[in-house]
file data-v5.pdb (PDB, C-alpha atoms)
ATOM      1  CA  MET J   1     -87.928 -71.431-135.326
ATOM      2  CA  GLY J   2     -89.275 -71.910-131.805
ATOM      3  CA  PRO J   3     -92.395 -70.388-130.297
ATOM      4  CA  TRP J   4     -92.366 -66.661-129.652
ATOM      5  CA  PRO J   5     -93.381 -65.293-126.247
ATOM      6  CA  ARG J   6     -96.838 -64.033-125.464
ATOM      7  CA  ARG J   7     -97.145 -60.296-125.058
ATOM      8  CA  GLY J   8     -95.953 -59.258-121.608
ATOM      9  CA  GLU J   9     -93.440 -62.086-121.045
ATOM     10  CA  ARG J  10     -90.054 -60.857-119.972
ATOM     11  CA  GLY J  11     -86.520 -61.679-118.890
ATOM     12  CA  ALA J  12     -85.029 -60.560-115.594
ATOM     13  CA  GLY J  13     -84.178 -56.979-114.614
ATOM     14  CA  ARG J  14     -86.118 -54.242-116.329
ATOM     15  CA  PRO J  15     -89.368 -55.639-117.789
ATOM     16  CA  CYS J  16     -88.610 -56.359-121.418
ATOM     17  CA  GLY J  17     -92.307 -56.589-122.194
ATOM     18  CA  ARG J  18     -92.694 -52.880-121.425
ATOM     19  CA  PRO J  19     -89.727 -50.956-122.860
ATOM     20  CA  ALA J  20     -89.927 -47.223-123.361
ATOM     21  CA  PRO J  21     -91.659 -46.372-126.657
ATOM     22  CA  LEU J  22     -89.710 -44.959-129.532
ATOM     23  CA  SER J  23     -90.035 -41.266-130.124
ATOM     24  CA  PRO J  24     -91.104 -40.309-133.661
ATOM     25  CA  ARG J  25     -87.598 -39.211-134.590
ATOM     26  CA  ARG J  26     -86.300 -42.765-134.154
ATOM     27  CA  GLY J  27     -88.249 -44.074-137.072
ATOM     28  CA  PRO J  28     -86.729 -44.404-140.545
ATOM     29  CA  ARG J  29     -84.740 -41.276-141.345
ATOM     30  CA  LYS J  30     -84.279 -39.696-144.732
ATOM     31  CA  VAL J  31     -80.920 -38.162-145.461
ATOM     32  CA  ALA J  32     -79.836 -35.888-148.228
ATOM     33  CA  ALA J  33     -77.753 -37.380-151.008
ATOM     34  CA  ALA J  34     -75.712 -35.842-153.779
ATOM     35  CA  SER J  35     -77.682 -35.375-156.960
ATOM     36  CA  PHE J  36     -77.429 -38.203-159.464
ATOM     37  CA  LEU J  37     -76.515 -36.547-162.747
ATOM     38  CA  PRO J  38     -76.712 -38.754-165.841
ATOM     39  CA  ALA J  39     -74.730 -37.901-168.930
ATOM     40  CA  ALA J  40     -76.118 -35.182-171.136
ATOM     41  CA  GLY J  41     -78.218 -36.201-174.100
ATOM     42  CA  GLY J  42     -80.988 -38.732-174.207
ATOM     43  CA  ARG J  43     -81.841 -39.740-170.645
ATOM     44  CA  PRO J  44     -84.135 -42.717-169.973
ATOM     45  CA  ALA J  45     -87.178 -41.970-167.860
ATOM     46  CA  ALA J  46     -85.885 -44.193-165.019
ATOM     47  CA  ALA J  47     -82.561 -42.353-164.938
ATOM     48  CA  MET J  48     -84.359 -39.019-164.846
ATOM     49  CA  ALA J  49     -86.553 -40.278-162.025
ATOM     50  CA  LEU J  50     -83.519 -41.443-160.073
ATOM     51  CA  ALA J  51     -81.834 -38.096-160.598
ATOM     52  CA  GLU J  52     -84.931 -36.294-159.380
ATOM     53  CA  ALA J  53     -85.197 -38.536-156.321
ATOM     54  CA  GLY J  54     -81.557 -37.910-155.437
ATOM     55  CA  ALA J  55     -82.010 -34.179-155.850
ATOM     56  CA  ARG J  56     -85.009 -34.274-153.531
ATOM     57  CA  GLY J  57     -82.938 -36.048-150.880
ATOM     58  CA  ARG J  58     -85.263 -39.040-150.621
ATOM     59  CA  LEU J  59     -82.656 -41.751-150.137
ATOM     60  CA  VAL J  60     -83.694 -43.717-147.057
ATOM     61  CA  LEU J  61     -81.316 -44.614-144.231
ATOM     62  CA  TRP J  62     -82.730 -47.907-142.996
ATOM     63  CA  PRO J  63     -83.214 -48.440-139.271
ATOM     64  CA  ARG J  64     -81.070 -51.155-137.723
ATOM     65  CA  VAL J  65     -80.626 -53.409-134.719
ATOM     66  CA  VAL J  66     -76.962 -54.032-133.832
ATOM     67  CA  LEU J  67     -75.920 -57.292-132.138
ATOM     68  CA  PHE J  68     -72.619 -56.772-130.271
ATOM     69  CA  GLY J  69     -70.945 -59.631-128.469
ATOM     70  CA  ASP J  70     -68.568 -62.586-128.530
ATOM     71  CA  SER J  71     -68.764 -65.918-130.393
ATOM     72  CA  ILE J  72     -72.347 -66.534-129.279
ATOM     73  CA  THR J  73     -73.230 -63.391-131.235
ATOM     74  CA  GLU J  74     -70.839 -64.130-134.109
ATOM     75  CA  HIS J  75     -72.634 -67.456-134.624
ATOM     76  CA  ALA J  76     -76.071 -65.819-134.430
ATOM     77  CA  PHE J  77     -76.548 -65.824-138.198
ATOM     78  CA  GLN J  78     -75.767 -69.503-138.631
ATOM     79  CA  GLU J  79     -78.615 -71.768-139.729
ATOM     80  CA  ARG J  80     -81.470 -71.396-137.207
ATOM     81  CA  GLY J  81     -79.408 -68.921-135.191
ATOM     82  CA  TRP J  82     -81.016 -66.352-132.916
ATOM     83  CA  GLY J  83     -79.827 -63.403-134.995
ATOM     84  CA  ALA J  84     -81.219 -64.956-138.166
ATOM     85  CA  ALA J  85     -84.547 -65.473-136.389
ATOM     86  CA  LEU J  86     -84.682 -61.791-135.442
ATOM     87  CA  ALA J  87     -83.699 -60.719-138.954
ATOM     88  CA  ASP J  88     -86.526 -62.830-140.344
ATOM     89  CA  ARG J  89     -88.989 -61.171-137.985
ATOM     90  CA  LEU J  90     -87.756 -57.702-138.923
ATOM     91  CA  VAL J  91     -87.319 -58.028-142.685
ATOM     92  CA  ARG J  92     -88.652 -54.953-144.519
ATOM     93  CA  LYS J  93     -88.665 -53.057-141.211
ATOM     94  CA  CYS J  94     -84.980 -52.739-140.312
ATOM     95  CA  ASP J  95     -81.587 -54.357-140.782
ATOM     96  CA  VAL J  96     -80.112 -56.677-138.153
ATOM     97  CA  VAL J  97     -76.340 -56.141-138.087
ATOM     98  CA  ASN J  98     -74.020 -58.770-136.595
ATOM     99  CA  ARG J  99     -70.991 -57.413-134.754
ATOM    100  CA  GLY J 100     -69.955 -60.567-132.912
ATOM    101  CA  PHE J 101     -66.273 -61.326-132.257
ATOM    102  CA  SER J 102     -65.306 -64.841-131.222
ATOM    103  CA  GLY J 103     -63.225 -65.037-128.050
ATOM    104  CA  TYR J 104     -63.622 -61.363-127.116
ATOM    105  CA  ASN J 105     -64.258 -60.097-123.602
ATOM    106  CA  THR J 106     -65.514 -56.734-122.316
ATOM    107  CA  ARG J 107     -61.970 -55.395-121.913
ATOM    108  CA  TRP J 108     -61.460 -55.658-125.656
ATOM    109  CA  ALA J 109     -65.063 -54.850-126.537
ATOM    110  CA  LYS J 110     -65.022 -51.393-124.985
ATOM    111  CA  VAL J 111     -61.922 -50.562-127.041
ATOM    112  CA  ILE J 112     -63.470 -51.497-130.387
ATOM    113  CA  LEU J 113     -67.007 -50.208-129.784
ATOM    114  CA  PRO J 114     -66.245 -46.650-131.038
ATOM    115  CA  ARG J 115     -64.966 -48.179-134.286
ATOM    116  CA  LEU J 116     -68.285 -49.960-134.770
ATOM    117  CA  ILE J 117     -70.783 -47.288-133.727
ATOM    118  CA  GLY J 118     -69.969 -43.593-133.963
ATOM    119  CA  LYS J 119     -72.008 -40.422-133.634
ATOM    120  CA  SER J 120     -73.608 -40.260-137.064
ATOM    121  CA  ALA J 121     -76.863 -40.686-138.893
ATOM    122  CA  SER J 122     -76.426 -44.454-138.583
ATOM    123  CA  ALA J 123     -76.293 -44.167-134.777
ATOM    124  CA  GLU J 124     -79.460 -42.074-134.814
ATOM    125  CA  SER J 125     -81.170 -44.748-136.913
ATOM    126  CA  THR J 126     -80.176 -47.519-134.479
ATOM    127  CA  VAL J 127     -83.358 -48.921-132.959
ATOM    128  CA  ALA J 128     -81.573 -51.188-130.472
ATOM    129  CA  VAL J 129     -78.133 -52.517-129.501
ATOM    130  CA  THR J 130     -77.625 -55.823-127.706
ATOM    131  CA  VAL J 131     -74.496 -56.128-125.559
ATOM    132  CA  PHE J 132     -73.799 -59.812-124.935
ATOM    133  CA  PHE J 133     -70.545 -60.571-123.091
ATOM    134  CA  GLY J 134     -69.451 -62.569-120.070
ATOM    135  CA  ALA J 135     -68.873 -66.112-121.290
ATOM    136  CA  ASN J 136     -65.180 -65.291-121.816
ATOM    137  CA  ASP J 137     -64.786 -62.724-119.033
ATOM    138  CA  SER J 138     -65.829 -65.410-116.539
ATOM    139  CA  ALA J 139     -63.125 -67.866-117.616
ATOM    140  CA  LEU J 140     -60.991 -68.969-114.655
ATOM    141  CA  LYS J 141     -57.973 -66.702-114.276
ATOM    142  CA  ASP J 142     -55.421 -69.420-113.469
ATOM    143  CA  LEU J 143     -56.478 -71.586-116.435
ATOM    144  CA  ASN J 144     -57.428 -68.940-119.003
ATOM    145  CA  PRO J 145     -55.726 -65.653-118.093
ATOM    146  CA  LYS J 146     -55.944 -64.215-121.627
ATOM    147  CA  GLN J 147     -59.733 -64.070-121.719
ATOM    148  CA  HIS J 148     -60.437 -63.683-117.996
ATOM    149  CA  VAL J 149     -61.633 -60.283-116.772
ATOM    150  CA  PRO J 150     -62.120 -59.719-113.015
ATOM    151  CA  LEU J 151     -65.757 -59.417-111.941
ATOM    152  CA  GLU J 152     -65.576 -55.757-110.874
ATOM    153  CA  GLU J 153     -63.835 -54.773-114.107
ATOM    154  CA  TYR J 154     -66.444 -56.675-116.121
ATOM    155  CA  ALA J 155     -69.217 -54.627-114.522
ATOM    156  CA  ALA J 156     -67.252 -51.403-115.025
ATOM    157  CA  ASN J 157     -66.688 -52.247-118.690
ATOM    158  CA  LEU J 158     -70.411 -52.794-119.246
ATOM    159  CA  ARG J 159     -71.138 -49.424-117.635
ATOM    160  CA  SER J 160     -68.462 -47.809-119.801
ATOM    161  CA  MET J 161     -70.029 -49.207-122.976
ATOM    162  CA  ILE J 162     -73.482 -48.025-121.946
ATOM    163  CA  GLN J 163     -72.124 -44.544-121.271
ATOM    164  CA  TYR J 164     -70.385 -44.509-124.643
ATOM    165  CA  LEU J 165     -73.562 -45.519-126.472
ATOM    166  CA  LYS J 166     -75.459 -42.764-124.671
ATOM    167  CA  SER J 167     -72.751 -40.274-125.719
ATOM    168  CA  VAL J 168     -73.532 -41.026-129.380
ATOM    169  CA  ASP J 169     -77.260 -40.564-128.757
ATOM    170  CA  ILE J 170     -78.229 -44.222-128.336
ATOM    171  CA  THR J 171     -80.278 -43.843-125.185
ATOM    172  CA  GLU J 172     -80.595 -46.468-122.454
ATOM    173  CA  ASP J 173     -84.085 -47.463-123.607
ATOM    174  CA  ARG J 174     -82.473 -48.769-126.817
ATOM    175  CA  ILE J 175     -79.770 -50.834-125.068
ATOM    176  CA  ILE J 176     -80.315 -54.481-124.111
ATOM    177  CA  LEU J 177     -77.770 -56.329-121.981
ATOM    178  CA  ILE J 178     -77.677 -60.127-122.185
ATOM    179  CA  THR J 179     -76.058 -62.201-119.455
ATOM    180  CA  PRO J 180     -73.881 -65.181-120.359
ATOM    181  CA  PRO J 181     -75.818 -68.444-120.562
ATOM    182  CA  PRO J 182     -75.260 -71.149-117.951
ATOM    183  CA  LEU J 183     -72.297 -73.477-118.431
ATOM    184  CA  GLN J 184     -72.793 -77.237-118.624
ATOM    185  CA  GLU J 185     -69.488 -78.217-117.107
ATOM    186  CA  SER J 186     -69.364 -81.886-118.152
ATOM    187  CA  ALA J 187     -69.907 -81.088-121.838
ATOM    188  CA  TRP J 188     -67.482 -78.149-121.852
ATOM    189  CA  GLU J 189     -64.858 -80.223-120.035
ATOM    190  CA  LYS J 190     -64.914 -82.684-122.932
ATOM    191  CA  GLU J 191     -64.235 -79.795-125.330
ATOM    192  CA  CYS J 192     -61.349 -78.624-123.164
ATOM    193  CA  LEU J 193     -59.822 -82.091-122.787
ATOM    194  CA  ALA J 194     -59.987 -82.629-126.565
ATOM    195  CA  LYS J 195     -57.687 -79.602-126.883
ATOM    196  CA  GLY J 196     -55.380 -80.801-124.117
ATOM    197  CA  ASP J 197     -56.729 -78.287-121.583
ATOM    198  CA  LYS J 198     -58.423 -78.538-118.205
ATOM    199  CA  LEU J 199     -61.951 -77.326-117.522
ATOM    200  CA  ASN J 200     -61.447 -73.540-117.635
ATOM    201  CA  ARG J 201     -64.900 -72.290-116.596
ATOM    202  CA  ARG J 202     -67.386 -72.980-113.808
ATOM    203  CA  ASN J 203     -71.134 -72.457-113.903
ATOM    204  CA  SER J 204     -71.159 -70.914-110.437
ATOM    205  CA  THR J 205     -68.553 -68.365-111.542
ATOM    206  CA  THR J 206     -70.513 -67.576-114.695
ATOM    207  CA  GLY J 207     -73.522 -66.992-112.458
ATOM    208  CA  GLU J 208     -71.664 -64.279-110.558
ATOM    209  CA  TYR J 209     -70.992 -62.457-113.831
ATOM    210  CA  ALA J 210     -74.629 -62.852-114.821
ATOM    211  CA  LYS J 211     -75.713 -61.251-111.537
ATOM    212  CA  ALA J 212     -73.292 -58.384-112.123
ATOM    213  CA  CYS J 213     -74.705 -57.859-115.627
ATOM    214  CA  VAL J 214     -78.268 -57.702-114.252
ATOM    215  CA  GLN J 215     -77.194 -55.198-111.597
ATOM    216  CA  VAL J 216     -75.530 -52.958-114.180
ATOM    217  CA  ALA J 217     -78.724 -52.987-116.231
ATOM    218  CA  ARG J 218     -80.774 -52.011-113.176
ATOM    219  CA  ASP J 219     -78.353 -49.249-112.237
ATOM    220  CA  CYS J 220     -78.176 -47.848-115.766
ATOM    221  CA  GLY J 221     -81.834 -48.256-116.712
ATOM    222  CA  THR J 222     -81.361 -50.598-119.648
ATOM    223  CA  ASP J 223     -83.265 -53.740-120.544
ATOM    224  CA  VAL J 224     -81.657 -57.062-119.683
ATOM    225  CA  VAL J 225     -82.194 -60.692-120.605
ATOM    226  CA  ASP J 226     -80.910 -62.814-117.723
ATOM    227  CA  LEU J 227     -80.163 -65.853-119.825
ATOM    228  CA  TRP J 228     -78.226 -67.601-117.044
ATOM    229  CA  THR J 229     -81.252 -67.607-114.742
ATOM    230  CA  LEU J 230     -83.980 -68.107-117.342
ATOM    231  CA  MET J 231     -82.370 -71.180-118.899
ATOM    232  CA  GLN J 232     -82.011 -72.907-115.526
ATOM    233  CA  LYS J 233     -85.480 -72.109-114.216
ATOM    234  CA  ASP J 234     -87.282 -75.362-113.403
ATOM    235  CA  GLN J 235     -85.645 -77.258-116.280
ATOM    236  CA  ASP J 236     -82.588 -79.136-117.515
ATOM    237  CA  PHE J 237     -80.697 -76.509-119.496
ATOM    238  CA  SER J 238     -78.312 -78.916-121.276
ATOM    239  CA  SER J 239     -80.455 -78.989-124.433
ATOM    240  CA  TYR J 240     -79.969 -75.225-124.807
ATOM    241  CA  LEU J 241     -76.223 -75.682-125.379
ATOM    242  CA  SER J 242     -74.363 -77.375-128.220
ATOM    243  CA  ASP J 243     -71.045 -77.959-126.448
ATOM    244  CA  GLY J 244     -71.697 -76.828-122.898
ATOM    245  CA  LEU J 245     -70.929 -73.172-123.678
ATOM    246  CA  HIS J 246     -72.408 -72.130-127.042
ATOM    247  CA  LEU J 247     -76.090 -72.169-127.921
ATOM    248  CA  SER J 248     -77.834 -75.063-129.648
ATOM    249  CA  THR J 249     -80.747 -74.520-132.020
ATOM    250  CA  LYS J 250     -83.117 -74.796-129.051
ATOM    251  CA  GLY J 251     -81.029 -72.300-127.101
ATOM    252  CA  SER J 252     -81.008 -69.880-130.030
ATOM    253  CA  ASN J 253     -84.789 -70.119-130.305
ATOM    254  CA  PHE J 254     -85.074 -69.491-126.574
ATOM    255  CA  LEU J 255     -82.871 -66.394-126.713
ATOM    256  CA  ALA J 256     -84.642 -65.047-129.815
ATOM    257  CA  ALA J 257     -87.989 -65.380-128.041
ATOM    258  CA  GLN J 258     -86.720 -63.586-124.933
ATOM    259  CA  LEU J 259     -85.201 -60.802-127.020
ATOM    260  CA  TRP J 260     -88.366 -60.362-129.033
ATOM    261  CA  SER J 261     -90.226 -59.481-125.851
ATOM    262  CA  CYS J 262     -87.717 -56.616-125.470
ATOM    263  CA  LEU J 263     -87.692 -55.588-129.135
ATOM    264  CA  GLU J 264     -91.338 -55.872-130.096
ATOM    265  CA  LYS J 265     -92.442 -52.460-128.846
ATOM    266  CA  LYS J 266     -89.215 -50.814-129.953
ATOM    267  CA  VAL J 267     -89.925 -51.786-133.568
ATOM    268  CA  SER J 268     -93.728 -51.679-133.523
ATOM    269  CA  THR J 269     -93.849 -48.095-134.786
ATOM    270  CA  LEU J 270     -91.551 -48.772-137.730
ATOM    271  CA  PRO J 271     -93.416 -48.819-141.052
ATOM    272  CA  SER J 272     -92.715 -51.369-143.741
ATOM    273  CA  LEU J 273     -89.935 -50.010-145.919
ATOM    274  CA  LEU J 274     -91.087 -49.487-149.505
ATOM    275  CA  PRO J 275     -94.618 -50.370-150.607
ATOM    276  CA  TYR J 276     -96.129 -53.823-150.882
ATOM    277  CA  TRP J 277     -95.841 -55.025-154.477
ATOM    278  CA  ARG J 278     -99.595 -54.931-155.086
ATOM    279  CA  ASP J 279     -99.569 -51.234-154.190
ATOM    280  CA  VAL J 280     -96.984 -50.337-156.844
ATOM    281  CA  ASP J 281     -98.385 -48.544-159.887
ATOM    282  CA  HIS J 282     -97.134 -50.894-162.599
ATOM    283  CA  MET J 283     -97.832 -48.311-165.298
ATOM    284  CA  ASN J 284     -95.721 -45.690-163.540
ATOM    285  CA  PRO J 285     -93.605 -47.413-160.822
ATOM    286  CA  GLU J 286     -91.476 -44.353-160.152
ATOM    287  CA  VAL J 287     -94.473 -42.617-158.591
ATOM    288  CA  SER J 288     -94.851 -45.438-156.049
ATOM    289  CA  LEU J 289     -91.188 -46.249-155.458
ATOM    290  CA  LEU J 290     -89.621 -42.814-155.492
TER     291      LEU J 290
END

call {"tool": "encode", "arguments": {"input": "data-v5.pdb", "output": "structure tokens"}}
result
Amino acid sequence: MGPWPRRGERGAGRPCGRPAPLSPRRGPRKVAAASFLPAAGGRPAAAMALAEAGARGRLVLWPRVVLFGDSITEHAFQERGWGAALADRLVRKCDVVNRGFSGYNTRWAKVILPRLIGKSASAESTVAVTVFFGANDSALKDLNPKQHVPLEEYAANLRSMIQYLKSVDITEDRIILITPPPLQESAWEKECLAKGDKLNRRNSTTGEYAKACVQVARDCGTDVVDLWTLMQKDQDFSSYLSDGLHLSTKGSNFLAAQLWSCLEKKVSTLPSLLPYWRDVDHMNPEVSLL
């Protein structure tokens, strides 16, 4: 795992080092559950304790961070992936949920989003949602019409998804947009030629979509990680990509570090879920655990 950013580092757009703090109600929520009723007769102490805990409504709905995007998100939990790095940082604090869909663009994403996140207790427990599209939207229309989405529609789709998330009580301070990364054309052209295709993306075109993503974030008041700009700043960005389009291990570490600067304050108020093992009363664990 690569180095994490110092406090106060940020991406482009809204300062990710200073996101709005969570209100107390966005911490771990406890929801009522149906009583657990063991069979009549002799009931073990643990079963009785579980029944009592259920009756008291002490089942915990764990907080979560949802990663929503295309293949770069779908691959985020691969070995040394950026999603896995975040999950490691957040273990025992909240779940990191991968909702990445290879090949998808914002036109399709806005259709499926209500199937993934609805107005429910799980939405209320959502600490953050990353929205990471553009690598497919920016494909050249004449060479890849299936995935291509016009620039203005791309921006409108991002706005639509932000408005939907707000409608299910996921406020803008919990939404993080991520621009597409830069495209290394020579490497991606090799991938295209191997499949019998021509180069179907251009870095300059991807940059226009990245700018649109940043503008949407500014207009809507969300955080944004301008990956396209950050990866090209004063450096050769080729090492950040595995095939010219998707992230390498170094690129995943870079993205995880940039995202952590956005997420750190959002999760800082979350307590560790369930007690440390040394704090459990081994003579009467139910008292500590329930």

call {"tool": "closest_residue", "arguments": {"input": "data-v5.pdb", "among": "J:Ile117, J:Leu259, J:Val65, J:Leu158", "to": "J:Asp137", "atoms": "only C-alpha atoms"}}
result
J:Leu158

call {"tool": "axis_aligned_box", "arguments": {"input": "data-v5.pdb", "around": "stretch 119-133 of chain J", "padding_each_side": "8 Å", "output": "lines of an AutoDock Vina configuration file"}}
result
center_x = -77.0
center_y = -50.4
center_z = -131.0
size_x = 28.8
size_y = 36.3
size_z = 31.8

call {"tool": "atom_distance", "arguments": {"input": "data-v5.pdb", "atom1": "atom CA of J:Leu289", "atom2": "atom CA of J:Leu90"}}
result
20.4 Å

call {"tool": "resolve_selection", "arguments": {"input": "data-v5.pdb", "expression": "the PyMOL selection byres ((chain J and resi 253) around 8)", "output": "JSON, numbers by chain"}}
result
{"J": [1, 2, 3, 80, 81, 82, 85, 249, 250, 251, 252, 254, 255, 256, 257]}

call {"tool": "closest_residue", "arguments": {"input": "data-v5.pdb", "among": "J:Leu199, J:Val97, J:Leu177, J:Met231", "to": "J:Gly134", "atoms": "all atoms listed in the file"}}
result
J:Leu177
